[in-house]
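Contents: one structure, followed by commentary.
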Amino acid sequence: MGMEMFNGRPYGGVDPNGIHWSDAKTSVKKNLLINERSGSFTSNGITFTINEDKSISISGTATATTYFNFWVYPYQNYIPNGDYIISQVGCNSNVKAFINKYLNETWVSALVSSFYAESEKSFTVAYDNTYNKLQVGLAITNGATVDTTVKVMIRFASIGDNTYVPYVFDNVELKEEIDNSNKSTTLAVDLTNWTQDATSQSGSTLYKKQISLNHVYTDRPSVDIGAASGSVLPTTAEQTAYDLIQYVTVDSAVPCLYLYASDIPTTAFYINVIGVD
């Protein structure tokens with residue numbers, strides 16, 4: 001059976017008995033990394049193009065250190081305790097894969113860092129009270145000019161074959177993910193409870209605000225400037241306040257959204273967030 005596609009993404013089929021042959025309950029997924037993006041986007045001068053096989057073509061000159069993050073099956077950023085292998089094709093001294101340990105939203109240390117010189121590397125996940133989830137991604141060096149196509153895979157150590165394959169979605173996973181990823185909410189961002197955050201991902205001191213949610217369906221929600229109602233456009237002052245936001249993270253355990261800003265806004269505003277409610 002060849003690779004089947006749905007909305008430009010590979011997914012598992014159903015055998016004559018109605019069993020999803022890519023479902024974790026009936027078979028083992030070889031590649032545990034999920035690249036759910038499609039098309040192209042540009043960040044800090046670097047263009048990422050997602051190919052049909054979910055490899056990533058990376059080109060441009062980085063104006064800042066630039067990151068591309070993956071999801072990990074079966075939970076967004078959680079791999080069960082055990083032994084694994086990460087493998088790569090196309091990484092180099094300016095495009096490096098990494099696996100970082102996190103305790104909730106706080107970076108702890110690198111589990112696998114600057115991975116590019118070897119074709120594959122073994123690692124062990126053993127959660128303790130110092131970390132409870134992982135972040136897997138690519139880092140592009142600030143100032144580097146790059147032009148490469150990268151394939152990254154994480155597999156169970158018991159799987160010997162390191163031939164790259166994309167993560168395979170099954171029909172049930174696709175439906176659930178599509179339904180959840182389309183959920184959205186409008187959140188009010190007021191001027192209270194902003195705190196300094198000296199351990200931000202940017203490496204500089206930012207200001208952090210927590211907003212409570214009901215559910216988190218993705219670790220990278222889509223966030224844009226919003227308004228109190230659909231008929232009222234954001235004001236110039238609200239847009240200026242929104243532009244202070246550097247990045248956002250979410251915590252599905254709480255659940256909540258964290259905003260990180262270069263300065264504390266002086267005007268309250270609204271944001272529209274897709275992937276949470």
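To be explicit about the labels: the chains of the structure tokens are called A, B, and onward in the order shown, and within each one the residues are counted from 1, while ligands get numbers from 1 in the order they are shown.
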
ask   = Residues at most 9 Å from Tyr207 of chain A, counting only C-alpha atoms, excluding those fewer than 2 positions away in the same chain, as JSON, numbers by chain?
value = {"A": [194, 195, 196, 197, 198, 200, 205, 209, 259, 260, 261, 262, 263, 264]}

query = Neighbours of segment 58-68 of chain A within 7 Å (only C-alpha atoms; same-chain residues fewer than 3 positions away dropped), as an NGL selection string?
reply = :A and (44-49 or 137-149)

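Between atom CA of Lys101 of chain A and atom CA of Lys208 of chain A lies a distance of 20.5 Å.
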
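The protein and nucleic acid residues lying at most 12 Å from Thr163 of chain A are Lys30, Asn31, Ile86, Ser87, Gln88, Val89, Ser119, Glu120, Lys151, Val152, Met153, Ile154 and Arg155 of chain A, with only C-alpha atoms considered and sequence neighbours fewer than 6 positions away removed.
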
May I have the selected residues written with C-alpha atoms, as a PDB file, in the first residue's frame?
ATOM      1  CA  LYS A  30       8.180   4.440  13.387  1.00  0.00           C
ATOM      2  CA  ASN A  31       8.654   8.208  13.433  1.00  0.00           C
ATOM      3  CA  ILE A  86      17.074  10.553  17.018  1.00  0.00           C
ATOM      4  CA  SER A  87      18.330  10.571  13.427  1.00  0.00           C
ATOM      5  CA  GLN A  88      18.851  13.352  10.902  1.00  0.00           C
ATOM      6  CA  VAL A  89      19.644  14.022   7.264  1.00  0.00           C
ATOM      7  CA  SER A 119      23.506  10.495  11.463  1.00  0.00           C
ATOM      8  CA  GLU A 120      21.826   9.264  14.644  1.00  0.00           C
ATOM      9  CA  LYS A 151      14.698  15.112   7.713  1.00  0.00           C
ATOM     10  CA  VAL A 152      14.508  14.416  11.443  1.00  0.00           C
ATOM     11  CA  MET A 153      13.094  11.289  13.034  1.00  0.00           C
ATOM     12  CA  ILE A 154      12.750   9.919  16.571  1.00  0.00           C
ATOM     13  CA  ARG A 155      12.103   6.188  16.862  1.00  0.00           C
TER      14      ARG A 155
END

Separation of atom CA of Val273 of chain A from atom CA of Val232 of chain A in Å = 17.2 Å

message = If we count only C-alpha atoms and set the cut-off at 9 Å, which residues sit around Arg37 of chain A, ignoring sequence neighbours fewer than 3 positions away in its own chain? Please answer as a list in words.
response = Ile34, Ser40, Ile50 and Lys54 of chain A
